>>> print(open('start37.tsv').read())   # TSV, C-alpha atoms
chain	number	residue	atom	x	y	z
A	1	MET	CA	-47.63	16.78	-20.87
A	2	ARG	CA	-48.24	19.28	-23.66
A	3	THR	CA	-45.70	21.94	-24.55
A	4	ALA	CA	-46.32	25.50	-25.73
A	5	ILE	CA	-43.83	27.99	-27.06
A	6	VAL	CA	-44.95	31.46	-25.99
A	7	THR	CA	-43.27	34.72	-26.99
A	8	GLY	CA	-43.36	37.81	-24.81
A	9	THR	CA	-43.64	36.00	-21.46
A	10	SER	CA	-41.83	38.74	-19.53
A	11	SER	CA	-44.93	40.96	-19.40
A	12	GLY	CA	-48.50	41.60	-20.48
A	13	ILE	CA	-50.48	39.17	-22.59
A	14	GLY	CA	-47.61	36.72	-23.11
A	15	LYS	CA	-46.95	36.49	-19.39
A	16	ALA	CA	-50.65	36.00	-18.60
A	17	ILE	CA	-50.95	33.26	-21.21
A	18	ALA	CA	-47.81	31.49	-20.01
A	19	LEU	CA	-49.02	31.54	-16.39
A	20	ARG	CA	-52.43	30.21	-17.41
A	21	LEU	CA	-50.88	27.39	-19.43
A	22	LEU	CA	-48.56	26.52	-16.53
A	23	ASP	CA	-51.61	26.41	-14.22
A	24	ASP	CA	-53.18	23.99	-16.72
A	25	ARG	CA	-50.05	21.79	-16.46
A	26	TRP	CA	-48.47	22.68	-19.79
A	27	ARG	CA	-44.73	22.96	-20.21
A	28	VAL	CA	-43.96	26.47	-21.48
A	29	VAL	CA	-40.89	27.64	-23.34
A	30	GLY	CA	-40.82	31.43	-22.99
A	31	LEU	CA	-39.08	33.40	-25.73
A	32	ASP	CA	-38.12	36.90	-24.60
A	33	ASN	CA	-35.75	39.75	-25.22
A	34	ALA	CA	-36.29	40.94	-21.63
A	35	ALA	CA	-35.16	39.06	-18.53
A	36	ALA	CA	-37.38	36.18	-17.46
A	37	VAL	CA	-39.89	37.04	-14.72
A	38	ILE	CA	-41.62	33.67	-14.42
A	39	GLU	CA	-40.11	31.16	-12.03
A	40	ALA	CA	-42.17	27.99	-12.12
A	41	ASP	CA	-41.81	24.28	-12.64
A	42	GLY	CA	-42.40	23.56	-16.30
A	43	PHE	CA	-41.18	26.99	-17.48
A	44	THR	CA	-38.03	27.31	-19.57
A	45	PRO	CA	-36.91	30.86	-20.45
A	46	VAL	CA	-35.01	31.43	-23.70
A	47	ALA	CA	-33.32	34.77	-24.38
A	48	ILE	CA	-33.97	35.88	-27.96
A	49	ASP	CA	-34.30	39.10	-29.92
A	50	LEU	CA	-37.19	38.21	-32.21
A	51	ALA	CA	-36.71	41.41	-34.22
A	52	ASN	CA	-33.17	40.41	-35.19
A	53	HIS	CA	-33.19	37.76	-37.93
A	54	ALA	CA	-29.49	36.92	-37.66
A	55	SER	CA	-29.57	36.27	-33.92
A	56	ARG	CA	-33.00	34.61	-33.77
A	57	ALA	CA	-32.53	32.10	-36.62
A	58	PRO	CA	-30.15	29.70	-34.82
A	59	ILE	CA	-32.28	29.81	-31.65
A	60	ILE	CA	-35.48	29.05	-33.57
A	61	GLU	CA	-33.73	26.16	-35.36
A	62	ARG	CA	-32.91	24.62	-31.97
A	63	LEU	CA	-36.50	24.75	-30.67
A	64	ALA	CA	-37.91	21.31	-30.00
A	65	PRO	CA	-41.31	20.35	-31.42
A	66	ALA	CA	-44.29	21.73	-29.50
A	67	ASP	CA	-48.05	21.28	-29.37
A	68	ALA	CA	-48.68	25.01	-29.60
A	69	LEU	CA	-47.16	28.36	-30.51
A	70	VAL	CA	-48.46	31.62	-29.08
A	71	HIS	CA	-46.86	34.73	-30.58
A	72	ALA	CA	-47.65	37.48	-28.09
A	73	ALA	CA	-44.40	39.47	-28.19
A	74	GLY	CA	-44.84	42.94	-29.56
A	75	ILE	CA	-44.60	46.66	-29.19
A	76	MET	CA	-46.97	49.44	-30.16
A	77	ARG	CA	-45.70	52.54	-31.90
A	78	GLY	CA	-47.94	55.08	-33.55
A	79	ALA	CA	-47.83	58.03	-35.89
A	80	ARG	CA	-50.07	59.64	-38.46
A	81	LEU	CA	-49.41	59.46	-42.18
A	82	GLY	CA	-46.93	62.18	-43.03
A	83	GLU	CA	-45.17	61.60	-39.71
A	84	LEU	CA	-44.19	57.94	-40.11
A	85	ASN	CA	-40.74	56.71	-39.18
A	86	GLN	CA	-39.56	54.02	-41.59
A	87	GLU	CA	-37.24	52.44	-39.02
A	88	THR	CA	-40.18	52.05	-36.64
A	89	GLY	CA	-42.27	50.45	-39.38
A	90	ALA	CA	-39.50	48.00	-40.17
A	91	LEU	CA	-39.12	47.13	-36.47
A	92	LEU	CA	-42.86	46.51	-36.10
A	93	TRP	CA	-42.83	44.27	-39.18
A	94	ARG	CA	-39.80	42.25	-38.00
A	95	LEU	CA	-41.19	41.69	-34.50
A	96	HIS	CA	-44.88	41.13	-35.22
A	97	VAL	CA	-44.88	39.53	-38.68
A	98	ASP	CA	-41.46	38.26	-39.68
A	99	ALA	CA	-40.88	36.59	-36.29
A	100	ALA	CA	-44.35	34.97	-36.48
A	101	MET	CA	-43.58	33.61	-39.93
A	102	ALA	CA	-40.18	32.27	-38.87
A	103	LEU	CA	-41.57	30.56	-35.77
A	104	ALA	CA	-44.62	29.10	-37.53
A	105	ASP	CA	-42.55	27.97	-40.50
A	106	HIS	CA	-40.19	26.06	-38.23
A	107	LEU	CA	-42.73	24.70	-35.73
A	108	ALA	CA	-45.86	23.89	-37.77
A	109	PRO	CA	-44.39	20.96	-39.73
A	110	ARG	CA	-43.21	19.46	-36.42
A	111	MET	CA	-46.50	19.86	-34.53
A	112	PRO	CA	-48.71	16.88	-33.82
A	113	ASN	CA	-52.21	16.62	-35.28
A	114	GLY	CA	-54.39	19.09	-33.41
A	115	GLY	CA	-51.55	21.55	-32.90
A	116	ARG	CA	-52.41	25.20	-32.42
A	117	ILE	CA	-50.83	28.47	-33.51
A	118	VAL	CA	-52.18	31.63	-31.86
A	119	LEU	CA	-51.05	35.02	-33.15
A	120	ILE	CA	-52.01	38.01	-31.02
A	121	GLY	CA	-53.59	40.58	-33.27
A	122	SER	CA	-55.24	43.91	-32.60
A	123	ARG	CA	-58.34	45.86	-33.46
A	124	ALA	CA	-55.87	48.33	-35.01
A	125	ALA	CA	-55.66	45.90	-37.96
A	126	LYS	CA	-58.97	47.38	-39.12
A	127	GLY	CA	-57.55	50.90	-39.03
A	128	VAL	CA	-57.02	53.27	-36.11
A	129	VAL	CA	-55.92	56.87	-36.60
A	130	GLY	CA	-52.31	57.28	-35.59
A	131	LYS	CA	-51.54	53.56	-35.60
A	132	SER	CA	-51.08	52.87	-39.31
A	133	GLN	CA	-47.77	50.99	-39.13
A	134	TYR	CA	-48.82	48.96	-36.08
A	135	GLY	CA	-52.21	48.24	-37.67
A	136	ALA	CA	-50.58	47.18	-40.93
A	137	ALA	CA	-48.33	44.70	-39.09
A	138	LYS	CA	-51.31	43.26	-37.21
A	139	ALA	CA	-53.38	43.04	-40.42
A	140	ALA	CA	-50.56	41.06	-42.00
A	141	LEU	CA	-51.00	38.42	-39.28
A	142	VAL	CA	-54.59	37.89	-40.43
A	143	GLY	CA	-53.37	37.38	-44.01
A	144	LEU	CA	-50.73	34.96	-42.77
A	145	ALA	CA	-53.29	32.90	-40.87
A	146	ARG	CA	-55.78	32.81	-43.74
A	147	ALA	CA	-53.16	31.78	-46.30
A	148	SER	CA	-51.34	29.26	-44.11
A	149	ASN	CA	-52.69	26.00	-45.58
A	150	LEU	CA	-52.17	24.12	-42.31
A	151	ARG	CA	-55.35	22.08	-42.60
A	152	ARG	CA	-53.40	19.35	-44.36
A	153	LEU	CA	-51.36	19.04	-41.15
A	154	TRP	CA	-54.47	19.19	-38.90
A	155	ILE	CA	-53.12	22.31	-37.23
A	156	ALA	CA	-55.34	25.29	-36.50
A	157	ILE	CA	-54.00	28.85	-36.74
A	158	VAL	CA	-55.92	31.81	-35.33
A	159	VAL	CA	-55.36	35.53	-34.86
A	160	VAL	CA	-57.09	36.96	-31.81
A	161	GLY	CA	-57.39	40.55	-30.64
A	162	ASN	CA	-55.66	41.82	-27.54
A	163	PHE	CA	-58.83	42.95	-25.79
A	164	ALA	CA	-57.94	44.43	-22.40
A	165	TRP	CA	-60.89	42.80	-20.60
A	166	ALA	CA	-59.46	39.30	-20.96
A	167	ASP	CA	-55.87	39.39	-22.13
A	168	ALA	CA	-55.01	35.78	-21.41
A	169	CYS	CA	-58.43	34.22	-22.04
A	170	VAL	CA	-58.70	35.66	-25.54
A	171	ALA	CA	-55.62	33.87	-26.78
A	172	LEU	CA	-56.50	30.66	-24.95
A	173	TRP	CA	-59.46	30.16	-27.30
A	174	ALA	CA	-57.26	27.96	-29.44
A	175	PHE	CA	-56.72	25.66	-26.49
A	176	ASP	CA	-60.47	25.08	-26.00
A	177	VAL	CA	-60.46	27.00	-22.71
A	178	VAL	CA	-62.72	29.88	-23.78
A	179	SER	CA	-64.49	30.83	-27.01
A	180	PRO	CA	-64.16	34.46	-28.16
A	181	THR	CA	-64.62	35.44	-31.78
A	182	PRO	CA	-61.28	35.25	-33.61
A	183	ILE	CA	-60.15	38.01	-35.96
A	184	GLY	CA	-58.84	35.61	-38.59
A	185	THR	CA	-58.62	31.84	-38.77
A	186	ALA	CA	-57.48	29.05	-40.97
A	187	TRP	CA	-58.54	25.48	-40.45
>>> encode(input="start37.tsv", output="structure tokens")
Amino acid sequence: MRTAIVTGTSSGIGKAIALRLLDDRWRVVGLDNAAAVIEADGFTPVAIDLANHASRAPIIERLAPADALVHAAGIMRGARLGELNQETGALLWRLHVDAAMALADHLAPRMPNGGRIVLIGSRAAKGVVGKSQYGAAKAALVGLARASNLRRLWIAIVVVGNFAWADACVALWAFDVVSPTPIGTAW
């Protein structure tokens, strides 16, 4: 049985992806700051504040190897230039980018050949008025994927958009379930 580590399983895209993977008989380890909402065989909830480096590091170090990582946890905050809040920008970076790097850095070397890393991106990465800090964090995920050099490990990394019409299916592309166009890939 394959195992996926999925962040943000308490709601939205992360929850939809976790439920789909469970339906497909994957084991899912759900990493969340919020209380677990999924009760299913094969689901293991893990409480973690991904935006807090000091508290997340020991939890990430204890994660067992997995076949896949899906980083869907996130928040959206927006403001126009001239109205930006630096604390908000730092929070977006820690949750969307720094957590993705920490998880991928720990898990990728332990993944089997054919492993998958899916990072949930956003169309805001291309620039949306009022979403500069959020868009910058999501654009950084594309850079991370493109510069990852995971081909030597036979692991694919992809950033996919969070298109409302198919929240779960978009991210499942990396599991050969559906085939949308990814935002950024490395193979």
>>> closest_atom_pairs(input="start37.tsv", of="range 92-166 of chain A", to="range 1-8 of chain A", cutoff="12 Å", atoms="all atoms listed in the file", output="Markdown table")
| residue | atom | partner | partner_atom | distance |
| --- | --- | --- | --- | --- |
| A:Leu95 | CA | A:Thr7 | CA | 10.5 |
| A:His96 | CA | A:Thr7 | CA | 10.6 |
| A:Ala99 | CA | A:Thr7 | CA | 9.8 |
| A:Ala100 | CA | A:Thr7 | CA | 9.6 |
| A:Leu103 | CA | A:Ile5 | CA | 9.4 |
| A:Ala104 | CA | A:Ile5 | CA | 10.6 |
| A:His106 | CA | A:Ile5 | CA | 11.9 |
| A:Leu107 | CA | A:Ile5 | CA | 9.3 |
| A:Ala108 | CA | A:Ile5 | CA | 11.6 |
| A:Met111 | CA | A:Thr3 | CA | 10.2 |
| A:Pro112 | CA | A:Arg2 | CA | 10.5 |
| A:Gly114 | CA | A:Arg2 | CA | 11.5 |
| A:Gly115 | CA | A:Ala4 | CA | 9.7 |
| A:Arg116 | CA | A:Ala4 | CA | 9.1 |
| A:Ile117 | CA | A:Ala4 | CA | 9.5 |
| A:Val118 | CA | A:Val6 | CA | 9.3 |
| A:Leu119 | CA | A:Thr7 | CA | 9.9 |
| A:Ile120 | CA | A:Thr7 | CA | 10.2 |
>>> atom_distance(input="start37.tsv", atom1="CA of Leu50 in chain A", atom2="CA of Asn33 in chain A")
7.3 Å
>>> closest_residue(input="start37.tsv", among="A:Ala34, A:Leu92, A:Val70, A:Ala16", to="Ala137 in chain A", atoms="only C-alpha atoms")
A:Leu92
>>> residues_around(input="start37.tsv", residues="Ala47 in chain A", least_positions_apart="6", cutoff="12 Å", atoms="all atoms listed in the file", output="VMD selection string")
chain A and resid 7 to 10 29 to 37 55 to 56 59 to 60
>>> write_last_selection(input="start37.tsv", atoms="C-alpha atoms", output="CSV table (one decimal), in the coordinates of the input")
chain,number,residue,atom,x,y,z
A,7,THR,CA,-43.3,34.7,-27.0
A,8,GLY,CA,-43.4,37.8,-24.8
A,9,THR,CA,-43.6,36.0,-21.5
A,10,SER,CA,-41.8,38.7,-19.5
A,29,VAL,CA,-40.9,27.6,-23.3
A,30,GLY,CA,-40.8,31.4,-23.0
A,31,LEU,CA,-39.1,33.4,-25.7
A,32,ASP,CA,-38.1,36.9,-24.6
A,33,ASN,CA,-35.8,39.8,-25.2
A,34,ALA,CA,-36.3,40.9,-21.6
A,35,ALA,CA,-35.2,39.1,-18.5
A,36,ALA,CA,-37.4,36.2,-17.5
A,37,VAL,CA,-39.9,37.0,-14.7
A,55,SER,CA,-29.6,36.3,-33.9
A,56,ARG,CA,-33.0,34.6,-33.8
A,59,ILE,CA,-32.3,29.8,-31.6
A,60,ILE,CA,-35.5,29.0,-33.6
>>> closest_atom_pairs(input="start37.tsv", of="range 33-121 of chain A", to="range 132-135 of chain A", cutoff="10 Å", atoms="all atoms listed in the file", output="Markdown table")
| residue | atom | partner | partner_atom | distance |
| --- | --- | --- | --- | --- |
| A:Gly74 | CA | A:Tyr134 | CA | 9.7 |
| A:Ile75 | CA | A:Tyr134 | CA | 8.4 |
| A:Met76 | CA | A:Tyr134 | CA | 6.2 |
| A:Arg77 | CA | A:Tyr134 | CA | 6.3 |
| A:Gly78 | CA | A:Tyr134 | CA | 6.7 |
| A:Ala79 | CA | A:Ser132 | CA | 7.0 |
| A:Arg80 | CA | A:Ser132 | CA | 6.9 |
| A:Leu81 | CA | A:Ser132 | CA | 7.4 |
| A:Leu84 | CA | A:Gln133 | CA | 7.9 |
| A:Asn85 | CA | A:Gln133 | CA | 9.1 |
| A:Gln86 | CA | A:Gln133 | CA | 9.1 |
| A:Thr88 | CA | A:Gln133 | CA | 8.1 |
| A:Gly89 | CA | A:Gln133 | CA | 5.5 |
| A:Ala90 | CA | A:Gln133 | CA | 8.9 |
| A:Leu91 | CA | A:Gln133 | CA | 9.8 |
| A:Leu92 | CA | A:Tyr134 | CA | 6.4 |
| A:Trp93 | CA | A:Tyr134 | CA | 8.2 |
| A:His96 | CA | A:Tyr134 | CA | 8.8 |
| A:Gly121 | CA | A:Gly135 | CA | 8.9 |
>>> atom_distance(input="start37.tsv", atom1="CA of Ala72 in chain A", atom2="CA of Val158 in chain A")
12.4 Å
>>> residues_near_point(input="start37.tsv", point="(-53.8, 42.4, -39.1)", cutoff="7 Å", atoms="all atoms listed in the file", output="list of chain:residue names")
A:Gly121, A:Ser122, A:Ala125, A:Gly135, A:Ala136, A:Ala137, A:Lys138, A:Ala139, A:Ala140, A:Leu141, A:Val142
>>> closest_residue(input="start37.tsv", among="A:Lys126, A:Lys131, A:Asn52, A:Ala73", to="Ile13 in chain A", atoms="only C-alpha atoms")
A:Ala73
